[in-house]
Each structure stands twice: as C-alpha cells, then as structure tokens.
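As provided, structure-v8.cif (mmCIF, N, CA and C atoms) reads as follows.
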```
data_coords
loop_
_atom_site.label_atom_id
_atom_site.label_comp_id
_atom_site.auth_asym_id
_atom_site.auth_seq_id
_atom_site.Cartn_x
_atom_site.Cartn_y
_atom_site.Cartn_z
N MET U 18 9.13 4.79 -8.64
CA MET U 18 8.23 4.49 -7.55
C MET U 18 7.94 5.79 -6.80
N CYS U 19 6.71 5.96 -6.44
CA CYS U 19 6.26 7.10 -5.66
C CYS U 19 5.52 6.56 -4.44
N CYS U 20 5.76 7.14 -3.26
CA CYS U 20 5.11 6.67 -2.04
C CYS U 20 4.37 7.81 -1.35
N ASN U 21 3.22 7.48 -0.80
CA ASN U 21 2.44 8.41 0.01
C ASN U 21 1.98 7.67 1.25
N ARG U 22 1.80 8.42 2.33
CA ARG U 22 1.27 7.83 3.55
C ARG U 22 0.33 8.82 4.20
N GLY U 23 -0.55 8.33 5.05
CA GLY U 23 -1.45 9.24 5.72
C GLY U 23 -2.33 8.53 6.73
N LYS U 24 -2.98 9.32 7.55
CA LYS U 24 -3.90 8.82 8.57
C LYS U 24 -5.33 9.02 8.07
N ASN U 25 -6.19 8.07 8.38
CA ASN U 25 -7.59 8.16 7.98
C ASN U 25 -8.24 9.38 8.64
N VAL U 26 -8.85 10.22 7.84
CA VAL U 26 -9.55 11.40 8.36
C VAL U 26 -11.01 11.42 7.91
N SER U 27 -11.49 10.30 7.39
CA SER U 27 -12.85 10.22 6.88
C SER U 27 -13.87 10.35 8.01
N ILE U 28 -14.97 11.01 7.73
CA ILE U 28 -16.07 11.11 8.70
C ILE U 28 -17.14 10.05 8.44
N GLU U 29 -16.93 9.22 7.42
CA GLU U 29 -17.94 8.23 7.04
C GLU U 29 -17.90 6.94 7.85
N ASN U 30 -16.84 6.72 8.62
CA ASN U 30 -16.71 5.54 9.48
C ASN U 30 -16.82 4.23 8.71
N LEU U 31 -16.22 4.16 7.53
CA LEU U 31 -16.23 2.94 6.72
C LEU U 31 -14.83 2.31 6.65
N HIS U 32 -13.97 2.65 7.57
CA HIS U 32 -12.56 2.23 7.53
C HIS U 32 -12.32 0.79 7.94
N GLN U 33 -13.29 0.14 8.53
CA GLN U 33 -13.18 -1.26 8.97
C GLN U 33 -11.99 -1.49 9.89
N GLY U 34 -11.66 -0.50 10.68
CA GLY U 34 -10.57 -0.63 11.64
C GLY U 34 -9.21 -0.17 11.14
N PHE U 35 -9.09 0.13 9.86
CA PHE U 35 -7.82 0.61 9.32
C PHE U 35 -7.69 2.10 9.63
N THR U 36 -6.53 2.50 10.14
CA THR U 36 -6.33 3.88 10.56
C THR U 36 -5.33 4.64 9.70
N HIS U 37 -4.46 3.92 8.98
CA HIS U 37 -3.42 4.56 8.18
C HIS U 37 -3.30 3.89 6.82
N ILE U 38 -2.71 4.63 5.87
CA ILE U 38 -2.47 4.08 4.54
C ILE U 38 -1.02 4.36 4.15
N PHE U 39 -0.46 3.41 3.44
CA PHE U 39 0.84 3.60 2.79
C PHE U 39 0.65 3.16 1.35
N GLU U 40 0.79 4.07 0.43
CA GLU U 40 0.52 3.80 -0.98
C GLU U 40 1.81 3.92 -1.78
N SER U 41 2.07 2.92 -2.60
CA SER U 41 3.23 2.93 -3.50
C SER U 41 2.71 2.88 -4.93
N THR U 42 3.20 3.77 -5.77
CA THR U 42 2.80 3.82 -7.17
C THR U 42 4.00 3.47 -8.04
N PHE U 43 3.80 2.58 -8.99
CA PHE U 43 4.87 2.11 -9.86
C PHE U 43 4.53 2.40 -11.31
N GLU U 44 5.56 2.49 -12.13
CA GLU U 44 5.39 2.74 -13.56
C GLU U 44 4.86 1.52 -14.30
N SER U 45 5.10 0.32 -13.75
CA SER U 45 4.70 -0.90 -14.46
C SER U 45 4.51 -2.05 -13.47
N THR U 46 3.85 -3.11 -13.93
CA THR U 46 3.71 -4.30 -13.08
C THR U 46 5.07 -4.97 -12.87
N GLU U 47 5.97 -4.80 -13.82
CA GLU U 47 7.33 -5.34 -13.65
C GLU U 47 8.04 -4.61 -12.49
N GLY U 48 7.79 -3.33 -12.37
CA GLY U 48 8.36 -2.56 -11.27
C GLY U 48 7.87 -3.04 -9.92
N VAL U 49 6.59 -3.40 -9.86
CA VAL U 49 6.03 -3.95 -8.62
C VAL U 49 6.74 -5.26 -8.29
N ALA U 50 6.87 -6.13 -9.27
CA ALA U 50 7.51 -7.43 -9.05
C ALA U 50 8.96 -7.26 -8.57
N GLU U 51 9.69 -6.33 -9.16
CA GLU U 51 11.08 -6.08 -8.74
C GLU U 51 11.12 -5.58 -7.29
N TYR U 52 10.22 -4.68 -6.95
CA TYR U 52 10.17 -4.12 -5.60
C TYR U 52 9.84 -5.20 -4.57
N VAL U 53 8.81 -5.99 -4.85
CA VAL U 53 8.37 -7.01 -3.91
C VAL U 53 9.45 -8.06 -3.66
N ALA U 54 10.22 -8.39 -4.69
CA ALA U 54 11.26 -9.42 -4.57
C ALA U 54 12.59 -8.89 -4.04
N HIS U 55 12.77 -7.58 -3.98
CA HIS U 55 14.06 -7.01 -3.58
C HIS U 55 14.38 -7.40 -2.13
N PRO U 56 15.59 -7.89 -1.86
CA PRO U 56 15.95 -8.34 -0.51
C PRO U 56 15.74 -7.29 0.58
N ALA U 57 16.01 -6.02 0.29
CA ALA U 57 15.81 -4.97 1.30
C ALA U 57 14.32 -4.82 1.63
N HIS U 58 13.46 -4.92 0.61
CA HIS U 58 12.02 -4.84 0.85
C HIS U 58 11.54 -6.03 1.65
N VAL U 59 11.99 -7.22 1.28
CA VAL U 59 11.58 -8.44 1.99
C VAL U 59 11.96 -8.35 3.46
N GLU U 60 13.17 -7.92 3.75
CA GLU U 60 13.63 -7.79 5.14
C GLU U 60 12.79 -6.78 5.90
N TYR U 61 12.57 -5.61 5.32
CA TYR U 61 11.77 -4.57 5.98
C TYR U 61 10.32 -5.02 6.16
N ALA U 62 9.75 -5.61 5.13
CA ALA U 62 8.35 -6.05 5.20
C ALA U 62 8.16 -7.07 6.30
N ASN U 63 9.09 -8.00 6.45
CA ASN U 63 8.97 -9.01 7.50
C ASN U 63 8.98 -8.37 8.88
N LEU U 64 9.83 -7.38 9.10
CA LEU U 64 9.87 -6.68 10.39
C LEU U 64 8.62 -5.83 10.60
N PHE U 65 8.24 -5.09 9.58
CA PHE U 65 7.10 -4.18 9.66
C PHE U 65 5.79 -4.93 9.86
N LEU U 66 5.55 -5.94 9.04
CA LEU U 66 4.29 -6.68 9.10
C LEU U 66 4.11 -7.43 10.41
N ALA U 67 5.20 -7.84 11.03
CA ALA U 67 5.11 -8.55 12.31
C ALA U 67 4.52 -7.67 13.41
N ASN U 68 4.54 -6.36 13.23
CA ASN U 68 4.04 -5.43 14.24
C ASN U 68 2.66 -4.88 13.93
N LEU U 69 2.03 -5.39 12.90
CA LEU U 69 0.69 -4.92 12.53
C LEU U 69 -0.36 -5.93 12.94
N GLU U 70 -1.50 -5.42 13.39
CA GLU U 70 -2.61 -6.29 13.75
C GLU U 70 -3.24 -6.90 12.51
N LYS U 71 -3.43 -6.09 11.48
CA LYS U 71 -3.97 -6.59 10.21
C LYS U 71 -3.49 -5.69 9.09
N VAL U 72 -3.56 -6.22 7.89
CA VAL U 72 -3.04 -5.52 6.72
C VAL U 72 -3.98 -5.76 5.56
N LEU U 73 -4.07 -4.80 4.67
CA LEU U 73 -4.87 -4.93 3.45
C LEU U 73 -3.99 -4.49 2.30
N VAL U 74 -3.79 -5.37 1.34
CA VAL U 74 -2.97 -5.06 0.17
C VAL U 74 -3.86 -5.10 -1.06
N ILE U 75 -3.82 -4.05 -1.85
CA ILE U 75 -4.61 -3.98 -3.08
C ILE U 75 -3.68 -3.57 -4.21
N ASP U 76 -3.60 -4.39 -5.23
CA ASP U 76 -2.86 -4.05 -6.45
C ASP U 76 -3.89 -3.74 -7.53
N TYR U 77 -3.72 -2.63 -8.21
CA TYR U 77 -4.68 -2.26 -9.25
C TYR U 77 -4.01 -1.41 -10.32
N LYS U 78 -4.63 -1.40 -11.48
CA LYS U 78 -4.22 -0.50 -12.55
C LYS U 78 -5.24 0.63 -12.60
N PRO U 79 -4.81 1.86 -12.39
CA PRO U 79 -5.75 2.98 -12.37
C PRO U 79 -6.50 3.14 -13.70
N THR U 80 -7.76 3.46 -13.58
CA THR U 80 -8.60 3.73 -14.74
C THR U 80 -9.23 5.10 -14.53
N THR U 81 -9.08 5.97 -15.50
CA THR U 81 -9.68 7.30 -15.41
C THR U 81 -11.18 7.19 -15.61
N VAL U 82 -11.93 7.80 -14.71
CA VAL U 82 -13.39 7.81 -14.80
C VAL U 82 -13.81 9.25 -15.07
N ARG U 83 -14.47 9.45 -16.16
CA ARG U 83 -14.94 10.79 -16.51
C ARG U 83 -16.38 10.94 -16.05
N VAL U 84 -16.64 12.02 -15.32
CA VAL U 84 -18.00 12.27 -14.82
C VAL U 84 -18.49 13.62 -15.27
#
```
Written as structure tokens, how would this file's structure read?
Amino acid sequence: MCCNRGKNVSIENLHQGFTHIFESTFESTEGVAEYVAHPAHVEYANLFLANLEKVLVIDYKPTTVRV
C-alpha cells in the first residue's frame, strides 16, 4: 500500500468544495478488501469520517493512456 495526501492547488475551480485528497494505492483488489475490513482501519475511518462535511471515494484500476 502506498499513500499520498495533498491540498487542492488547482486554478480551474472545479473542486466542487473538496479541498484535500488522500490517495491509497494497492497492488490488488484483494489488498483493498483486506484494508477496508481491517479492524484498525474501521476504527480510524469511523472517527475520521465523523469529522468531515462530505467525502468522495473512488475505486479504479489505472489505465495507461498514450498521447
């Protein structure tokens, strides 16, 4: 698992009110399932999410786009 976080710095104003990102990258969909179900994650997520106004979760498999 790899994690990144950051604050929105876009000048395009398309953020829809979201100001920060926390991104987790996993080797497999099984890894995602293990992480989501892990008791430590569940406990932290419940505390963390209770303090957020809104949240957006996107799960995807990266696809390389050649231009």
Test item: residues at most 6.5 Å from region 21-26 of chain U, all atoms listed in the file, excluding those fewer than 3 positions along its chain, as a compact mmCIF listing (two decimals) with N, CA and C atoms, in the coordinates of the input:
```
# COMPACT_ATOMS: atom_id res chain seq x y z
N GLU U 29 -16.93 9.22 7.42
CA GLU U 29 -17.94 8.23 7.04
C GLU U 29 -17.90 6.94 7.85
N PHE U 35 -9.09 0.13 9.86
CA PHE U 35 -7.82 0.61 9.32
C PHE U 35 -7.69 2.10 9.63
N THR U 36 -6.53 2.50 10.14
CA THR U 36 -6.33 3.88 10.56
C THR U 36 -5.33 4.64 9.70
N HIS U 37 -4.46 3.92 8.98
CA HIS U 37 -3.42 4.56 8.18
C HIS U 37 -3.30 3.89 6.82
N ILE U 38 -2.71 4.63 5.87
CA ILE U 38 -2.47 4.08 4.54
C ILE U 38 -1.02 4.36 4.15
N PHE U 39 -0.46 3.41 3.44
CA PHE U 39 0.84 3.60 2.79
C PHE U 39 0.65 3.16 1.35
N GLU U 40 0.79 4.07 0.43
CA GLU U 40 0.52 3.80 -0.98
C GLU U 40 1.81 3.92 -1.78
N SER U 41 2.07 2.92 -2.60
CA SER U 41 3.23 2.93 -3.50
C SER U 41 2.71 2.88 -4.93
N THR U 42 3.20 3.77 -5.77
CA THR U 42 2.80 3.82 -7.17
C THR U 42 4.00 3.47 -8.04
```
Residue with smallest distance to Phe43 (chain U) - pool U:Pro56, U:Cys19, U:Phe65, U:Ser27, counting all atoms listed in the file:
U:Cys19
Tell me, in Å to one decimal, how far atom C of Ala50 (chain U) is from CA of Met18 (chain U).
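These atoms are spaced 11.8 Å apart.
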Any chance you could list, as a VMD selection string, the residues in chain U that come up strand (DSSP E) when DSSP is run on the backbone?
chain U and resid 19 to 24 37 to 42
Mind listing the alpha helix (DSSP H) residues of chain U, per DSSP on the backbone, as a list of chain:residue names?
U:Thr46, U:Glu47, U:Gly48, U:Val49, U:Ala50, U:Glu51, U:Tyr52, U:Val53, U:Ala54, U:Pro56, U:Ala57, U:His58, U:Val59, U:Glu60, U:Tyr61, U:Ala62, U:Asn63, U:Leu64, U:Phe65, U:Leu66
Pairwise distance for CA of Tyr52 (chain U) and CA of Ala67 (chain U), rounded to one decimal in Å
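Interatomic distance here is 19.1 Å.
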Atom-to-atom span, CA of Val53 (chain U) and CA of Cys20 (chain U), Å:
14.2 Å
As a check of understanding, name the residues that the PyMOL selection byres (((chain U and resi 79 and name CA) around 12) and name CA) selects in the supplied structure, as an mmCIF file with N, CA and C atoms, in the frame of the given file.
```
data_model
loop_
_atom_site.group_PDB
_atom_site.id
_atom_site.type_symbol
_atom_site.label_atom_id
_atom_site.label_comp_id
_atom_site.auth_asym_id
_atom_site.auth_seq_id
_atom_site.Cartn_x
_atom_site.Cartn_y
_atom_site.Cartn_z
ATOM 1 N N THR U 42 3.200 3.770 -5.770
ATOM 2 C CA THR U 42 2.800 3.820 -7.170
ATOM 3 C C THR U 42 4.000 3.470 -8.040
ATOM 4 N N PHE U 43 3.800 2.580 -8.990
ATOM 5 C CA PHE U 43 4.870 2.110 -9.860
ATOM 6 C C PHE U 43 4.530 2.400 -11.310
ATOM 7 N N GLU U 44 5.560 2.490 -12.130
ATOM 8 C CA GLU U 44 5.390 2.740 -13.560
ATOM 9 C C GLU U 44 4.860 1.520 -14.300
ATOM 10 N N SER U 45 5.100 0.320 -13.750
ATOM 11 C CA SER U 45 4.700 -0.900 -14.460
ATOM 12 C C SER U 45 4.510 -2.050 -13.470
ATOM 13 N N THR U 46 3.850 -3.110 -13.930
ATOM 14 C CA THR U 46 3.710 -4.300 -13.080
ATOM 15 C C THR U 46 5.070 -4.970 -12.870
ATOM 16 N N ILE U 75 -3.820 -4.050 -1.850
ATOM 17 C CA ILE U 75 -4.610 -3.980 -3.080
ATOM 18 C C ILE U 75 -3.680 -3.570 -4.210
ATOM 19 N N ASP U 76 -3.600 -4.390 -5.230
ATOM 20 C CA ASP U 76 -2.860 -4.050 -6.450
ATOM 21 C C ASP U 76 -3.890 -3.740 -7.530
ATOM 22 N N TYR U 77 -3.720 -2.630 -8.210
ATOM 23 C CA TYR U 77 -4.680 -2.260 -9.250
ATOM 24 C C TYR U 77 -4.010 -1.410 -10.320
ATOM 25 N N LYS U 78 -4.630 -1.400 -11.480
ATOM 26 C CA LYS U 78 -4.220 -0.500 -12.550
ATOM 27 C C LYS U 78 -5.240 0.630 -12.600
ATOM 28 N N THR U 80 -7.760 3.460 -13.580
ATOM 29 C CA THR U 80 -8.600 3.730 -14.740
ATOM 30 C C THR U 80 -9.230 5.100 -14.530
ATOM 31 N N THR U 81 -9.080 5.970 -15.500
ATOM 32 C CA THR U 81 -9.680 7.300 -15.410
ATOM 33 C C THR U 81 -11.180 7.190 -15.610
ATOM 34 N N VAL U 82 -11.930 7.800 -14.710
ATOM 35 C CA VAL U 82 -13.390 7.810 -14.800
ATOM 36 C C VAL U 82 -13.810 9.250 -15.070
#
```
